[in-house]
$ cat input36.cif   # mmCIF, C-alpha atoms (C1' of nucleotides)
data_run
#
loop_
_atom_site.label_atom_id
_atom_site.label_comp_id
_atom_site.auth_asym_id
_atom_site.auth_seq_id
_atom_site.Cartn_x
_atom_site.Cartn_y
_atom_site.Cartn_z
CA MET Z 1 -71.16 38.16 -48.14
CA LYS Z 2 -70.27 40.61 -45.39
CA ILE Z 3 -70.11 44.22 -46.56
CA ALA Z 4 -68.90 47.11 -44.41
CA THR Z 5 -68.39 50.86 -44.64
CA TRP Z 6 -66.10 53.09 -42.60
CA ASN Z 7 -65.22 56.76 -42.87
CA VAL Z 8 -61.64 56.53 -41.60
CA ASN Z 9 -60.82 60.29 -41.56
CA SER Z 10 -57.32 59.78 -43.03
CA LEU Z 11 -56.20 56.32 -44.10
CA ASN Z 12 -52.64 57.41 -43.36
CA VAL Z 13 -53.45 57.76 -39.66
CA ARG Z 14 -55.95 54.91 -39.51
CA LEU Z 15 -54.23 52.17 -41.59
CA PRO Z 16 -53.13 50.13 -38.53
CA GLN Z 17 -56.69 50.29 -37.18
CA VAL Z 18 -58.11 49.26 -40.57
CA LEU Z 19 -55.76 46.27 -40.72
CA ASP Z 20 -56.70 45.27 -37.15
CA TRP Z 21 -60.39 45.61 -37.94
CA LEU Z 22 -60.13 43.56 -41.15
CA THR Z 23 -58.65 40.73 -39.10
CA GLU Z 24 -61.25 41.05 -36.36
CA ALA Z 25 -64.42 41.63 -38.40
CA ALA Z 26 -63.33 39.74 -41.54
CA PRO Z 27 -65.63 41.54 -44.02
CA ASP Z 28 -65.62 40.37 -47.64
CA VAL Z 29 -65.86 43.99 -48.78
CA LEU Z 30 -64.90 47.17 -46.91
CA CYS Z 31 -65.69 50.60 -48.38
CA LEU Z 32 -63.65 53.51 -47.05
CA GLN Z 33 -64.30 57.25 -47.14
CA GLU Z 34 -62.10 60.24 -46.37
CA THR Z 35 -58.87 58.44 -47.18
CA LYS Z 36 -57.36 61.92 -47.69
CA MET Z 37 -54.51 60.65 -49.86
CA GLU Z 38 -53.36 60.70 -53.45
CA ASP Z 39 -53.54 57.39 -55.30
CA ALA Z 40 -49.74 57.19 -55.48
CA LYS Z 41 -49.64 57.00 -51.67
CA PHE Z 42 -52.37 54.38 -51.29
CA PRO Z 43 -51.12 51.52 -49.03
CA LEU Z 44 -51.93 48.76 -51.54
CA ASP Z 45 -49.10 46.43 -50.48
CA ALA Z 46 -50.17 46.35 -46.82
CA LEU Z 47 -53.75 45.57 -47.82
CA LEU Z 48 -52.72 42.87 -50.31
CA ALA Z 49 -50.61 41.30 -47.56
CA ALA Z 50 -53.74 41.28 -45.40
CA GLY Z 51 -55.62 39.42 -48.14
CA TYR Z 52 -57.53 42.31 -49.72
CA GLN Z 53 -57.49 43.66 -53.23
CA ALA Z 54 -58.34 47.33 -53.57
CA VAL Z 55 -59.49 50.05 -55.93
CA TYR Z 56 -59.28 53.69 -54.93
CA ALA Z 57 -59.92 57.24 -56.05
CA GLY Z 58 -58.16 59.77 -53.88
CA GLN Z 59 -56.79 63.28 -53.72
CA LYS Z 60 -54.54 65.27 -51.45
CA THR Z 61 -55.94 66.51 -48.09
CA TYR Z 62 -59.68 65.95 -48.61
CA ASN Z 63 -62.24 63.31 -49.59
CA GLY Z 64 -61.04 60.07 -51.19
CA VAL Z 65 -62.80 56.69 -51.42
CA ALA Z 66 -61.66 53.08 -51.69
CA ILE Z 67 -63.15 49.60 -51.96
CA LEU Z 68 -61.31 46.64 -50.44
CA SER Z 69 -62.34 43.11 -51.37
CA ARG Z 70 -61.20 39.56 -50.81
CA THR Z 71 -62.21 38.68 -54.38
CA PRO Z 72 -61.63 40.53 -57.67
CA LEU Z 73 -63.15 43.95 -58.31
CA THR Z 74 -64.40 44.52 -61.85
CA GLU Z 75 -66.29 47.23 -63.83
CA VAL Z 76 -64.59 49.91 -61.74
CA GLN Z 77 -66.10 53.39 -62.05
CA ALA Z 78 -64.78 56.50 -60.29
CA GLY Z 79 -67.09 59.50 -60.02
CA ILE Z 80 -70.67 59.96 -61.20
CA PRO Z 81 -70.72 59.74 -65.02
CA GLY Z 82 -71.59 63.10 -66.56
CA PHE Z 83 -71.28 64.96 -63.25
CA ASP Z 84 -68.14 67.05 -63.41
CA ASP Z 85 -66.59 67.05 -59.94
CA GLU Z 86 -62.98 67.36 -58.83
CA GLN Z 87 -63.85 65.98 -55.40
CA ARG Z 88 -63.22 62.24 -55.12
CA ARG Z 89 -66.39 61.00 -53.50
CA VAL Z 90 -67.66 58.07 -55.53
CA LEU Z 91 -66.29 54.69 -56.50
CA ALA Z 92 -68.15 51.67 -57.85
CA ALA Z 93 -67.09 48.10 -58.57
CA THR Z 94 -68.62 44.68 -59.07
CA VAL Z 95 -67.69 41.86 -56.68
CA ASP Z 96 -69.00 38.33 -57.21
CA GLY Z 97 -71.98 39.62 -59.20
CA THR Z 98 -72.87 42.26 -56.63
CA ARG Z 99 -72.59 45.92 -57.59
CA ILE Z 100 -70.91 47.96 -54.83
CA LEU Z 101 -71.28 51.75 -54.71
CA CYS Z 102 -69.05 53.52 -52.21
CA ILE Z 103 -70.06 57.13 -51.60
CA TYR Z 104 -68.96 60.09 -49.53
CA VAL Z 105 -71.79 62.61 -49.67
CA PRO Z 106 -70.76 66.28 -49.22
CA ASN Z 107 -71.19 67.57 -45.67
CA GLY Z 108 -73.05 70.72 -46.65
CA GLN Z 109 -71.65 72.85 -43.82
CA THR Z 110 -74.81 74.93 -43.13
CA VAL Z 111 -78.17 75.05 -44.87
CA ASP Z 112 -77.56 78.64 -46.05
CA SER Z 113 -74.15 77.89 -47.58
CA ASP Z 114 -73.00 77.24 -51.14
CA LYS Z 115 -71.75 73.87 -49.90
CA TYR Z 116 -75.30 72.89 -48.99
CA GLN Z 117 -76.44 73.73 -52.52
CA TYR Z 118 -73.56 71.61 -53.84
CA LYS Z 119 -74.69 68.78 -51.56
CA LEU Z 120 -78.25 68.87 -52.93
CA ARG Z 121 -77.01 69.12 -56.52
CA TRP Z 122 -74.65 66.23 -55.87
CA LEU Z 123 -77.47 64.12 -54.42
CA ARG Z 124 -79.62 64.77 -57.50
CA ALA Z 125 -76.79 63.54 -59.73
CA LEU Z 126 -76.36 60.49 -57.48
CA HIS Z 127 -80.09 59.75 -57.73
CA ALA Z 128 -80.04 59.78 -61.54
CA TRP Z 129 -76.92 57.62 -61.72
CA LEU Z 130 -78.27 55.15 -59.15
CA ALA Z 131 -81.46 54.71 -61.16
CA ASP Z 132 -79.30 53.84 -64.16
CA GLU Z 133 -77.06 51.47 -62.19
CA LEU Z 134 -80.08 49.62 -60.79
CA VAL Z 135 -81.28 48.83 -64.32
CA ARG Z 136 -77.97 47.17 -65.09
CA HIS Z 137 -77.32 45.66 -61.65
CA PRO Z 138 -80.35 44.24 -59.80
CA ARG Z 139 -78.03 43.07 -57.02
CA LEU Z 140 -76.69 46.40 -55.77
CA VAL Z 141 -75.58 47.85 -52.47
CA MET Z 142 -74.75 51.53 -51.94
CA VAL Z 143 -72.80 52.22 -48.78
CA GLY Z 144 -70.91 55.07 -47.25
CA ASP Z 145 -71.01 58.33 -45.37
CA TYR Z 146 -74.29 59.92 -46.46
CA ASN Z 147 -73.97 62.91 -44.12
CA ILE Z 148 -77.73 62.61 -43.58
CA ALA Z 149 -79.51 61.48 -40.42
CA PRO Z 150 -82.68 60.07 -42.05
CA ALA Z 151 -84.98 60.41 -39.02
CA ASP Z 152 -85.05 62.13 -35.66
CA ALA Z 153 -84.20 58.77 -34.06
CA ASP Z 154 -80.86 59.02 -35.86
CA CYS Z 155 -79.88 62.25 -34.07
CA TYR Z 156 -78.98 62.70 -30.39
CA ASP Z 157 -80.82 66.04 -30.14
CA PRO Z 158 -83.48 66.44 -32.86
CA ALA Z 159 -84.73 69.74 -31.40
CA ALA Z 160 -81.30 71.36 -31.54
CA TRP Z 161 -80.70 69.99 -35.06
CA HIS Z 162 -84.17 70.75 -36.41
CA GLU Z 163 -83.76 71.85 -40.06
CA GLN Z 164 -80.01 72.07 -39.54
CA VAL Z 165 -77.52 70.47 -41.91
CA LEU Z 166 -77.57 66.62 -41.80
CA CYS Z 167 -81.20 66.73 -40.61
CA SER Z 168 -82.93 69.22 -42.92
CA THR Z 169 -86.03 68.27 -44.88
CA PRO Z 170 -84.44 68.62 -48.35
CA GLU Z 171 -81.60 66.30 -47.33
CA ARG Z 172 -83.99 63.75 -45.86
CA GLU Z 173 -86.17 63.95 -48.96
CA ALA Z 174 -83.10 63.25 -51.08
CA PHE Z 175 -82.31 60.23 -48.87
CA PHE Z 176 -85.85 58.84 -49.13
CA GLY Z 177 -85.76 59.55 -52.85
CA LEU Z 178 -82.85 57.11 -53.10
CA LEU Z 179 -84.85 54.52 -51.17
CA ALA Z 180 -87.80 55.13 -53.50
CA LEU Z 181 -85.68 53.83 -56.38
CA GLY Z 182 -85.89 50.45 -54.69
CA LEU Z 183 -83.31 50.45 -51.92
CA SER Z 184 -83.73 49.40 -48.32
CA ASP Z 185 -81.94 50.82 -45.26
CA CYS Z 186 -80.49 47.53 -43.99
CA PHE Z 187 -79.98 48.86 -40.45
CA ARG Z 188 -83.72 49.47 -40.04
CA ARG Z 189 -84.67 46.00 -41.25
CA PHE Z 190 -83.74 44.75 -37.79
CA THR Z 191 -84.50 45.64 -34.18
CA GLN Z 192 -81.70 47.91 -33.02
CA PRO Z 193 -80.62 49.47 -29.74
CA GLU Z 194 -82.07 52.93 -29.14
CA LYS Z 195 -79.69 55.81 -29.75
CA SER Z 196 -77.61 53.90 -32.29
CA TYR Z 197 -75.16 56.23 -34.02
CA SER Z 198 -72.19 55.91 -36.41
CA TRP Z 199 -70.53 59.30 -35.84
CA TRP Z 200 -69.72 61.35 -32.74
CA ASP Z 201 -68.01 64.74 -32.58
CA TYR Z 202 -64.45 64.63 -31.31
CA ARG Z 203 -65.23 67.56 -29.04
CA GLN Z 204 -66.96 67.78 -25.70
CA GLY Z 205 -66.75 64.03 -25.03
CA GLY Z 206 -69.25 63.33 -27.77
CA PHE Z 207 -68.68 59.57 -27.85
CA ARG Z 208 -68.50 59.12 -24.06
CA ARG Z 209 -71.85 60.93 -23.74
CA ASN Z 210 -73.25 59.21 -26.87
CA LEU Z 211 -74.03 62.53 -28.55
CA GLY Z 212 -73.99 61.12 -32.05
CA MET Z 213 -75.68 60.78 -35.40
CA ARG Z 214 -76.43 57.80 -37.64
CA ILE Z 215 -75.16 59.13 -40.94
CA ASP Z 216 -73.30 56.11 -42.37
CA HIS Z 217 -75.61 53.73 -44.17
CA ILE Z 218 -75.88 50.46 -46.06
CA LEU Z 219 -78.68 50.60 -48.63
CA ALA Z 220 -79.44 47.46 -50.61
CA SER Z 221 -81.61 46.74 -53.65
CA ALA Z 222 -84.66 44.51 -53.10
CA ALA Z 223 -82.94 41.46 -54.58
CA LEU Z 224 -80.12 41.82 -52.08
CA ALA Z 225 -82.07 43.18 -49.08
CA GLU Z 226 -84.32 40.12 -49.04
CA GLY Z 227 -81.28 38.07 -48.14
CA CYS Z 228 -79.90 40.50 -45.57
CA GLN Z 229 -79.21 38.46 -42.45
CA GLY Z 230 -78.13 41.27 -40.14
CA CYS Z 231 -76.84 44.81 -39.95
CA HIS Z 232 -75.10 46.51 -37.08
CA ILE Z 233 -72.81 49.34 -36.06
CA ASP Z 234 -69.49 48.25 -34.54
CA THR Z 235 -68.58 50.91 -31.97
CA GLY Z 236 -65.34 49.10 -31.05
CA PRO Z 237 -63.01 51.13 -33.30
CA ARG Z 238 -64.40 54.38 -31.83
CA ARG Z 239 -62.74 53.36 -28.53
CA ASN Z 240 -59.28 53.03 -30.14
CA GLU Z 241 -56.45 55.44 -29.44
CA ARG Z 242 -56.69 58.18 -32.08
CA PRO Z 243 -60.03 56.92 -33.41
CA SER Z 244 -61.84 58.09 -36.51
CA ASP Z 245 -64.89 60.13 -35.56
CA HIS Z 246 -66.95 57.54 -37.52
CA THR Z 247 -67.20 53.84 -36.73
CA PRO Z 248 -67.87 50.92 -39.11
CA VAL Z 249 -71.32 49.76 -40.17
CA LEU Z 250 -71.66 46.25 -41.57
CA ALA Z 251 -74.29 43.99 -43.07
CA THR Z 252 -74.34 40.31 -43.97
CA PHE Z 253 -76.08 39.01 -47.10
CA CYS Z 254 -76.74 35.43 -48.09
"C1'" DA M 1 -69.03 82.11 -26.73
"C1'" DT M 2 -69.14 80.41 -34.36
"C1'" DG M 3 -65.94 78.19 -28.88
"C1'" DG M 4 -65.18 72.87 -28.17
"C1'" DC M 5 -61.17 68.24 -31.46
"C1'" DT M 6 -58.71 66.21 -35.38
"C1'" DT M 7 -56.31 66.14 -39.81
"C1'" DG M 8 -53.36 67.93 -43.44
"C1'" DA M 9 -50.73 71.55 -45.21
"C1'" DG M 10 -46.48 73.23 -43.77
"C1'" DT M 11 -43.53 75.60 -39.75
"C1'" DG M 12 -47.81 79.59 -38.12
"C1'" DT M 13 -52.09 79.00 -38.38
"C1'" DC M 14 -56.03 77.93 -41.02
"C1'" DA M 15 -59.75 75.22 -43.75
"C1'" DA M 16 -62.82 71.60 -43.24
"C1'" DG M 17 -65.30 68.24 -41.10
"C1'" DA M 18 -70.47 67.23 -39.01
#
$ encode --input "input36.cif" --output "structure tokens"
Amino acid sequence: MKIATWNVNSLNVRLPQVLDWLTEAAPDVLCLQETKMEDAKFPLDALLAAGYQAVYAGQKTYNGVAILSRTPLTEVQAGIPGFDDEQRRVLAATVDGTRILCIYVPNGQTVDSDKYQYKLRWLRALHAWLADELVRHPRLVMVGDYNIAPADADCYDPAAWHEQVLCSTPEREAFFGLLALGLSDCFRRFTQPEKSYSWWDYRQGGFRRNLGMRIDHILASAALAEGCQGCHIDTGPRRNERPSDHTPVLATFC
DNA sequence: ATGGCTTGAGTGTCAAGA
């Protein structure tokens, strides 16, 4: 089973690229973030024609998540149960006995902002829910845009970003707290090229100069991670015309 | 230099992303 995640920064703009990439990469499951569209506008027909079923939880302008799958999606859950949030950032479904959690973690803006406090609060709620999900679903993968660079190796300039948003200690502790529940960062299970990133700023030639961050992740439970056969970042879509600022990450499980 | 791109909203210009 090949599982991928991609923050598309507007599915309206990126739909042709998503369809191209589905053909090229042929994932069994693709989780999307920042669809930025209401559910009524979700391009279900185009995806069905491409051979993918879909569930989605969107809103106008901001956020929005979706899970595409070749096989049926069951036990669909939008949002973190008990965590009241108008922002559409979480969607879960079960595919072929594997629990899929698609998440779009708040950006946090700056460490002294209210949005950063929301991010930490949100991550605490995610942690509690994940612990619960793992009890029910030993085979679980949680993928998406975490907006956290777990280690200095995941940031192009650790000195400049020291204790800044995406790299701050509380955010990293929250990330490792998720791992401590029994998840594994699939990307780091394998030897990877140095300076591997999944996001680059649109400005200042960020991608051309490889000034990026690895903030999109595939975390798998032990039962699933044991059978992880590979995990890589596909930088191809970042070279497209009108690219998303993020590029897909994918992992293969036996 | 709070600049630099991109998107969506909405039609002038701003919020938000990371």
$ residues_around --input "input36.cif" --residues "M:DT7" --least-positions-apart "2" --cutoff "10 Å" --atoms "all atoms listed in the file" --output "MDAnalysis selection string"
(chainID Z and resid 9:10 13 36 61:62) or (chainID M and resid 5 9 16:17)
$ residues_around --input "input36.cif" --residues "stretch 68-72 of chain Z" --least-positions-apart "6" --cutoff "9 Å" --atoms "all atoms listed in the file" --output "count of residues only"
16
$ closest_residue --input "input36.cif" --among "Z:Glu194, Z:Val143, Z:Met213, Z:Arg189" --to "Z:Trp161" --atoms "only C-alpha atoms"
Z:Met213
$ residues_around --input "input36.cif" --residues "M:DG4" --least-positions-apart "4" --cutoff "12 Å" --atoms "only C-alpha atoms (C1' of nucleotides)" --output "VMD selection string"
chain Z and resid 201 to 206
$ atom_distance --input "input36.cif" --atom1 "atom CA of Z:Asp234" --atom2 "atom CA of Z:Ala4"
10.0 Å
$ closest_residue --input "input36.cif" --among "Z:Lys41, Z:Lys60, Z:His127, Z:Lys119" --to "Z:Ala180" --atoms "only C-alpha atoms"
Z:His127
$ residues_near_point --input "input36.cif" --point "(-52.5, 51.0, -35.0)" --cutoff "12 Å" --atoms "only C-alpha atoms (C1' of nucleotides)" --output "number ranges by chain"
Z: 11-21, 237, 240-244
$ residues_around --input "input36.cif" --residues "Z:Pro158" --least-positions-apart "2" --cutoff "12 Å" --atoms "only C-alpha atoms (C1' of nucleotides)" --output "ChimeraX atom specification"
/Z:149-156,160-168,195,211-213
$ residues_around --input "input36.cif" --residues "Z:Cys228" --least-positions-apart "3" --cutoff "9 Å" --atoms "only C-alpha atoms (C1' of nucleotides)" --output "list in words"
Cys186, Arg189, Ala220, Leu224, Ala225, Cys231, Ala251, Thr252, Phe253 and Cys254 of chain Z
$ atom_distance --input "input36.cif" --atom1 "atom CA of Z:Trp199" --atom2 "atom CA of Z:Ala50"
26.4 Å
$ closest_residue --input "input36.cif" --among "Z:Met37, Z:Leu126, Z:Leu22, Z:Val111" --to "Z:Gln59" --atoms "all atoms listed in the file"
Z:Met37
$ atom_distance --input "input36.cif" --atom1 "atom CA of Z:Leu181" --atom2 "atom CA of Z:Asn147"
19.2 Å
